[in-house]
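First up is the structure itself, then whatever we jot down about it.
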Amino acid sequence: MWRTPGAPARERAGTVSPTGTLRIAVDLLGGDGAPAVVVDGALYACRADPDLELLLVGPPDIAGEVRAALPAGHQHRVAVRPAPRAAATADGPVRGGRAGTSIQAAVAAVAEGAADAVISAGPSGAIVTAAALGLGRWPTMRRPALVAVLPAVTGPVVLLDVGASVEARPATLAQHGLLGAAYAAVRLGLRRPRVGLLSIGVEPGKGDRARRSADTLLQTSALPAAGRYVGLVEGHDVTLGGRADVVVTDGFTGNVLLKGIEGAYAMAGGPEPGRIAPRAAMLLGVAGAVVVCHGAASGADLAAGIALAATLHRDQVTATVAGMLDDSTRPLADQDEVSP
């Protein structure tokens, strides 16, 4: 199986964590309600999973509050990595992902092998930049994608991208179609996942130039896991399901759609049990397990994101998806260099 170049130092050295345990790097300063909601989420996660260890990245005094709130026999499960400041939206992706922020320090912990996965509710652009620089992109994946699994009437639907890249390049959309098919097979156990491209109608030729070009590329692409491209789909196919297991769009449209679904649930008085729009997404296309939470995430949302990060590492989702794609995305990556 093809190995990602930025695998954690622990893996490269041939050593592993103690059986059953794993450590998640948590950005204490990411999110609208940080650090209070992150502290709540960390405590919820520790109490729910006895095999979980946390590396809290941020002010040591705040991390100490989490340790102090745990029973004496569990305080060893929380470690601290000091970080001076949060990444602000005004910093922009590059500065927020590079300049000594808690996001950069949390990603660095994974790169060094001090943590197995990372989670943050900070600015998504800064998280993507920090992950790409600190962990490295897959050689055949020009632009990583944020992947969310949404509850639909007929079953879960994988939606990507939901915020990593706002530009709609045809080759990127087609490449993310392959990525989504592999993720659906690995994460949801789907055989022959169906991939659709989000547009304003299902008739051939619908949509803008990027969508029309991506439609052509996907028609001729061999999808992983014996996946099949079903053509164009519409917004209601994301919430109803049935037509596609994977829906591909650009990060701008995907993010707007995801938050629109969340708002519709709130307007209707809240979702039905088990049908909550996720506030955490996995970043695929970088060499490590990275989870990005909604900036307005609650403590419970952060705990769910930490649990997702733990599951992704335990199930080796990143390495498995990367191995399924191998070199099949390289032609699309080359086209992405010259896409309009």
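Simple scheme: letters A, B, ... for chains in structure tokens order, numbers from 1 for residues in each chain, numbers from 1 for ligands in the order shown.
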Find the spatial neighbours of stretch 208-212 of chain A, counting only C-alpha atoms, within a cut-off of 8 Å - ignore same-chain residues fewer than 6 positions away - and output them as number ranges by chain. A: 168-170, 197, 199
Would you save the residues from that selection as a PDB file, in the first residue's frame, using N, CA and C atoms?
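Wrote it out as selection-v3.pdb, contents follow:
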```
ATOM      1  N   ALA A 168     -13.969  26.605  -7.588  1.00  0.00           N
ATOM      2  CA  ALA A 168     -14.578  25.462  -8.279  1.00  0.00           C
ATOM      3  C   ALA A 168     -13.791  25.150  -9.550  1.00  0.00           C
ATOM      4  N   ARG A 169     -12.707  24.399  -9.410  1.00  0.00           N
ATOM      5  CA  ARG A 169     -11.925  23.980 -10.574  1.00  0.00           C
ATOM      6  C   ARG A 169     -12.418  22.616 -11.037  1.00  0.00           C
ATOM      7  N   PRO A 170     -12.604  22.409 -12.332  1.00  0.00           N
ATOM      8  CA  PRO A 170     -13.130  21.130 -12.823  1.00  0.00           C
ATOM      9  C   PRO A 170     -12.320  19.923 -12.367  1.00  0.00           C
ATOM     10  N   LEU A 197     -22.592  14.890  -8.851  1.00  0.00           N
ATOM     11  CA  LEU A 197     -22.020  16.230  -8.868  1.00  0.00           C
ATOM     12  C   LEU A 197     -23.147  17.244  -8.673  1.00  0.00           C
ATOM     13  N   SER A 199     -25.413  20.359  -8.857  1.00  0.00           N
ATOM     14  CA  SER A 199     -25.638  21.401  -9.853  1.00  0.00           C
ATOM     15  C   SER A 199     -27.055  21.944  -9.680  1.00  0.00           C
TER      16      SER A 199
END
```
Counting only C-alpha atoms, which residue out of A:Ala300, A:Met282, A:Ala184, A:Ala145 sits closest to A:Gly251?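 Between A:Ala300, A:Met282, A:Ala184, A:Ala145, the residue approaching A:Gly251 most closely is A:Ala145.
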Considering only C-alpha atoms, can you say which of A:Val256, A:Val153, A:Ile119, A:Leu54 comes closest to A:Gln104?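 Among the listed residues, the smallest separation from A:Gln104 belongs to A:Ile119.
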So the first atom is atom CA of A:Gly177 and the second is atom CA of A:Leu135; what is the distance between them in Å, to one decimal place? 22.7 Å
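If you measure from each of A:Leu160, A:Leu146, A:Val248, A:Val321 to A:Gly196 using only C-alpha atoms, the closest one turns out to be A:Val248.
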Residue list (alpha helix (DSSP H), DSSP) for stretch 67-271 of chain A, as an NGL selection string: :A and (67-69 or 92-98 or 102-112 or 124-135 or 170-188 or 209-219 or 236-240 or 251-267)
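Computed from the coordinates, the atom CA of A:Ser213 to atom CA of A:Thr172 distance equals 10.8 Å.
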Excluding A:Gly58 and its own-chain neighbours fewer than 3 positions away, which residues fall within 12 Å of it when counting only C-alpha atoms? Please give them as a PyMOL selection string. chain A and resi 25-30+34-35+38-39+55+61-64+79-87+100-106+120
Could you pull out the strand (DSSP E) residues of stretch 239-324 of chain A, going by DSSP on the backbone, and write them as a list in words?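 Everything in stretch 239-324 of chain A that counts as strand (DSSP E) is Val246, Val247, Val248, Ala280, Ala281, Met282, Leu283, Leu284, Ala289, Val290, Val291, Val292 and Cys293 of chain A.
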Keeping only all heavy atoms, write the selected residues to a file as a PDB file, in the first residue's frame.
```pdb
ATOM      1  N   VAL A 246     -22.514   9.865  -2.484  1.00  0.00           N
ATOM      2  CA  VAL A 246     -21.491  10.899  -2.375  1.00  0.00           C
ATOM      3  C   VAL A 246     -21.916  12.071  -3.251  1.00  0.00           C
ATOM      4  O   VAL A 246     -22.257  11.877  -4.423  1.00  0.00           O
ATOM      5  CB  VAL A 246     -20.113  10.384  -2.846  1.00  0.00           C
ATOM      6  CG1 VAL A 246     -19.065  11.495  -2.793  1.00  0.00           C
ATOM      7  CG2 VAL A 246     -19.677   9.175  -2.024  1.00  0.00           C
ATOM      8  N   VAL A 247     -21.913  13.277  -2.695  1.00  0.00           N
ATOM      9  CA  VAL A 247     -22.239  14.473  -3.465  1.00  0.00           C
ATOM     10  C   VAL A 247     -21.019  15.390  -3.443  1.00  0.00           C
ATOM     11  O   VAL A 247     -20.508  15.743  -2.383  1.00  0.00           O
ATOM     12  CB  VAL A 247     -23.472  15.199  -2.902  1.00  0.00           C
ATOM     13  CG1 VAL A 247     -23.700  16.521  -3.634  1.00  0.00           C
ATOM     14  CG2 VAL A 247     -24.712  14.307  -3.022  1.00  0.00           C
ATOM     15  N   VAL A 248     -20.571  15.772  -4.633  1.00  0.00           N
ATOM     16  CA  VAL A 248     -19.363  16.578  -4.789  1.00  0.00           C
ATOM     17  C   VAL A 248     -19.724  18.004  -5.161  1.00  0.00           C
ATOM     18  O   VAL A 248     -20.584  18.233  -6.018  1.00  0.00           O
ATOM     19  CB  VAL A 248     -18.459  15.976  -5.896  1.00  0.00           C
ATOM     20  CG1 VAL A 248     -17.210  16.830  -6.083  1.00  0.00           C
ATOM     21  CG2 VAL A 248     -18.089  14.545  -5.558  1.00  0.00           C
ATOM     22  N   ALA A 280     -18.627  18.653  12.581  1.00  0.00           N
ATOM     23  CA  ALA A 280     -17.236  18.248  12.467  1.00  0.00           C
ATOM     24  C   ALA A 280     -17.047  17.544  11.127  1.00  0.00           C
ATOM     25  O   ALA A 280     -17.910  16.781  10.697  1.00  0.00           O
ATOM     26  CB  ALA A 280     -16.843  17.321  13.613  1.00  0.00           C
ATOM     27  N   ALA A 281     -15.933  17.830  10.473  1.00  0.00           N
ATOM     28  CA  ALA A 281     -15.629  17.213   9.179  1.00  0.00           C
ATOM     29  C   ALA A 281     -14.171  16.787   9.170  1.00  0.00           C
ATOM     30  O   ALA A 281     -13.325  17.391   9.847  1.00  0.00           O
ATOM     31  CB  ALA A 281     -15.897  18.207   8.042  1.00  0.00           C
ATOM     32  N   MET A 282     -13.870  15.754   8.398  1.00  0.00           N
ATOM     33  CA  MET A 282     -12.497  15.284   8.273  1.00  0.00           C
ATOM     34  C   MET A 282     -11.830  15.968   7.090  1.00  0.00           C
ATOM     35  O   MET A 282     -12.438  16.148   6.035  1.00  0.00           O
ATOM     36  CB  MET A 282     -12.468  13.774   8.070  1.00  0.00           C
ATOM     37  CG  MET A 282     -11.046  13.235   7.945  1.00  0.00           C
ATOM     38  SD  MET A 282     -10.950  11.470   7.608  1.00  0.00           S
ATOM     39  CE  MET A 282      -9.167  11.213   7.711  1.00  0.00           C
ATOM     40  N   LEU A 283     -10.570  16.333   7.274  1.00  0.00           N
ATOM     41  CA  LEU A 283      -9.784  16.883   6.183  1.00  0.00           C
ATOM     42  C   LEU A 283      -9.028  15.741   5.509  1.00  0.00           C
ATOM     43  O   LEU A 283      -8.160  15.115   6.124  1.00  0.00           O
ATOM     44  CB  LEU A 283      -8.795  17.933   6.703  1.00  0.00           C
ATOM     45  CG  LEU A 283      -7.925  18.608   5.636  1.00  0.00           C
ATOM     46  CD1 LEU A 283      -8.782  19.438   4.681  1.00  0.00           C
ATOM     47  CD2 LEU A 283      -6.859  19.479   6.293  1.00  0.00           C
ATOM     48  N   LEU A 284      -9.382  15.460   4.271  1.00  0.00           N
ATOM     49  CA  LEU A 284      -8.728  14.397   3.514  1.00  0.00           C
ATOM     50  C   LEU A 284      -7.822  14.995   2.441  1.00  0.00           C
ATOM     51  O   LEU A 284      -8.182  15.984   1.796  1.00  0.00           O
ATOM     52  CB  LEU A 284      -9.762  13.481   2.858  1.00  0.00           C
ATOM     53  CG  LEU A 284     -10.351  12.367   3.727  1.00  0.00           C
ATOM     54  CD1 LEU A 284     -11.351  11.549   2.923  1.00  0.00           C
ATOM     55  CD2 LEU A 284      -9.256  11.456   4.277  1.00  0.00           C
ATOM     56  N   ALA A 289      -4.536  12.446  10.437  1.00  0.00           N
ATOM     57  CA  ALA A 289      -5.952  12.547  10.771  1.00  0.00           C
ATOM     58  C   ALA A 289      -6.238  13.929  11.343  1.00  0.00           C
ATOM     59  O   ALA A 289      -5.747  14.288  12.418  1.00  0.00           O
ATOM     60  CB  ALA A 289      -6.342  11.465  11.780  1.00  0.00           C
ATOM     61  N   VAL A 290      -7.030  14.718  10.602  1.00  0.00           N
ATOM     62  CA  VAL A 290      -7.340  16.098  10.982  1.00  0.00           C
ATOM     63  C   VAL A 290      -8.849  16.287  10.959  1.00  0.00           C
ATOM     64  O   VAL A 290      -9.506  15.977   9.961  1.00  0.00           O
ATOM     65  CB  VAL A 290      -6.679  17.100  10.020  1.00  0.00           C
ATOM     66  CG1 VAL A 290      -7.027  18.537  10.414  1.00  0.00           C
ATOM     67  CG2 VAL A 290      -5.167  16.908   9.978  1.00  0.00           C
ATOM     68  N   VAL A 291      -9.404  16.785  12.065  1.00  0.00           N
ATOM     69  CA  VAL A 291     -10.839  17.044  12.151  1.00  0.00           C
ATOM     70  C   VAL A 291     -11.052  18.535  12.388  1.00  0.00           C
ATOM     71  O   VAL A 291     -10.400  19.136  13.246  1.00  0.00           O
ATOM     72  CB  VAL A 291     -11.497  16.225  13.280  1.00  0.00           C
ATOM     73  CG1 VAL A 291     -12.945  16.645  13.489  1.00  0.00           C
ATOM     74  CG2 VAL A 291     -11.428  14.732  12.956  1.00  0.00           C
ATOM     75  N   VAL A 292     -11.963  19.114  11.617  1.00  0.00           N
ATOM     76  CA  VAL A 292     -12.288  20.538  11.719  1.00  0.00           C
ATOM     77  C   VAL A 292     -13.717  20.675  12.214  1.00  0.00           C
ATOM     78  O   VAL A 292     -14.642  20.116  11.615  1.00  0.00           O
ATOM     79  CB  VAL A 292     -12.125  21.245  10.357  1.00  0.00           C
ATOM     80  CG1 VAL A 292     -12.463  22.727  10.481  1.00  0.00           C
ATOM     81  CG2 VAL A 292     -10.705  21.064   9.830  1.00  0.00           C
ATOM     82  N   CYS A 293     -13.900  21.411  13.301  1.00  0.00           N
ATOM     83  CA  CYS A 293     -15.234  21.622  13.862  1.00  0.00           C
ATOM     84  C   CYS A 293     -15.775  22.988  13.450  1.00  0.00           C
ATOM     85  O   CYS A 293     -15.020  23.917  13.164  1.00  0.00           O
ATOM     86  CB  CYS A 293     -15.202  21.538  15.389  1.00  0.00           C
ATOM     87  SG  CYS A 293     -15.290  19.861  16.030  1.00  0.00           S
TER      88      CYS A 293
END
```
Need to verify the contact set: A:Pro204, 10 Å, only C-alpha atoms, exclusion of same-chain residues closer than 3 positions in sequence. Can you return it as number ranges by chain? A: 201, 207, 212, 215-216, 231-232
Deliver the residues from the most recent selection as a file, using N, CA, C and O atoms, as a compact mmCIF listing (two decimals), in the first residue's frame.
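Ended up saving to out_12.txt:
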```txt
# COMPACT_ATOMS: atom_id res chain seq x y z
N GLY A 201 -29.55 21.41 -11.76
CA GLY A 201 -30.49 20.53 -12.44
C GLY A 201 -29.76 19.25 -12.81
O GLY A 201 -28.53 19.19 -12.81
N GLY A 207 -25.60 23.88 -15.20
CA GLY A 207 -24.55 24.40 -14.35
C GLY A 207 -23.58 25.31 -15.07
O GLY A 207 -23.70 25.55 -16.28
N ARG A 212 -19.87 21.80 -15.79
CA ARG A 212 -20.00 21.06 -17.04
C ARG A 212 -18.70 20.32 -17.38
O ARG A 212 -18.73 19.17 -17.82
N ASP A 215 -18.26 17.38 -14.96
CA ASP A 215 -19.19 16.30 -15.34
C ASP A 215 -18.55 15.42 -16.41
O ASP A 215 -18.58 14.19 -16.33
N THR A 216 -17.93 16.04 -17.38
CA THR A 216 -17.26 15.28 -18.45
C THR A 216 -16.10 14.47 -17.89
O THR A 216 -15.92 13.29 -18.25
N GLY A 231 -24.00 11.10 -12.40
CA GLY A 231 -24.31 12.35 -13.08
C GLY A 231 -24.63 13.48 -12.12
O GLY A 231 -24.27 13.46 -10.94
N LEU A 232 -25.33 14.47 -12.63
CA LEU A 232 -25.66 15.67 -11.84
C LEU A 232 -26.78 15.38 -10.84
O LEU A 232 -27.69 14.59 -11.13
```
Between A:Ala182, A:Val158, A:Leu223, A:Ala69, which has the minimum distance to A:Ala319 (counting only C-alpha atoms)? A:Ala182
Spatial neighbours of A:Leu150, 12 Å, only C-alpha atoms, chain gap at least 5 places, as a ChimeraX atom specification: /A:155-160,162,184,188,237-241,245-247,254,257-259,261-262,274-281
For the residues in the current selection, export C-alpha atoms as a PDB file, in the first residue's frame.
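Produced file out23.pdb, reproduced below:
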```pdb
ATOM      1  CA  GLY A 155     -29.183   6.731   4.591  1.00  0.00           C
ATOM      2  CA  PRO A 156     -25.990   8.748   5.134  1.00  0.00           C
ATOM      3  CA  VAL A 157     -24.636  10.965   2.349  1.00  0.00           C
ATOM      4  CA  VAL A 158     -21.001  12.006   2.046  1.00  0.00           C
ATOM      5  CA  LEU A 159     -20.688  15.689   1.110  1.00  0.00           C
ATOM      6  CA  LEU A 160     -17.413  17.268  -0.020  1.00  0.00           C
ATOM      7  CA  VAL A 162     -17.523  21.738   2.771  1.00  0.00           C
ATOM      8  CA  ALA A 184     -17.644   6.240   1.492  1.00  0.00           C
ATOM      9  CA  LEU A 188     -19.439   3.740   5.609  1.00  0.00           C
ATOM     10  CA  ASP A 237     -30.638  14.876  -3.084  1.00  0.00           C
ATOM     11  CA  VAL A 238     -28.298  15.678  -0.173  1.00  0.00           C
ATOM     12  CA  THR A 239     -31.059  15.595   2.440  1.00  0.00           C
ATOM     13  CA  LEU A 240     -33.287  12.974   0.836  1.00  0.00           C
ATOM     14  CA  GLY A 241     -30.581  10.615  -0.395  1.00  0.00           C
ATOM     15  CA  ASP A 245     -24.110   8.206  -1.718  1.00  0.00           C
ATOM     16  CA  VAL A 246     -21.491  10.899  -2.375  1.00  0.00           C
ATOM     17  CA  VAL A 247     -22.239  14.473  -3.465  1.00  0.00           C
ATOM     18  CA  GLY A 254     -20.719  22.965   0.263  1.00  0.00           C
ATOM     19  CA  LEU A 257     -25.361  24.148   1.931  1.00  0.00           C
ATOM     20  CA  LEU A 258     -24.198  22.547   5.178  1.00  0.00           C
ATOM     21  CA  LYS A 259     -25.048  25.631   7.234  1.00  0.00           C
ATOM     22  CA  ILE A 261     -29.315  22.465   6.389  1.00  0.00           C
ATOM     23  CA  GLU A 262     -28.323  23.235   9.973  1.00  0.00           C
ATOM     24  CA  GLY A 274     -30.033  10.603  15.119  1.00  0.00           C
ATOM     25  CA  ARG A 275     -30.400  13.107  12.276  1.00  0.00           C
ATOM     26  CA  ILE A 276     -28.203  15.968  13.430  1.00  0.00           C
ATOM     27  CA  ALA A 277     -26.268  17.937  10.842  1.00  0.00           C
ATOM     28  CA  PRO A 278     -22.612  17.336  11.737  1.00  0.00           C
ATOM     29  CA  ARG A 279     -20.474  20.107  13.162  1.00  0.00           C
ATOM     30  CA  ALA A 280     -17.236  18.248  12.467  1.00  0.00           C
ATOM     31  CA  ALA A 281     -15.629  17.213   9.179  1.00  0.00           C
TER      32      ALA A 281
END
```
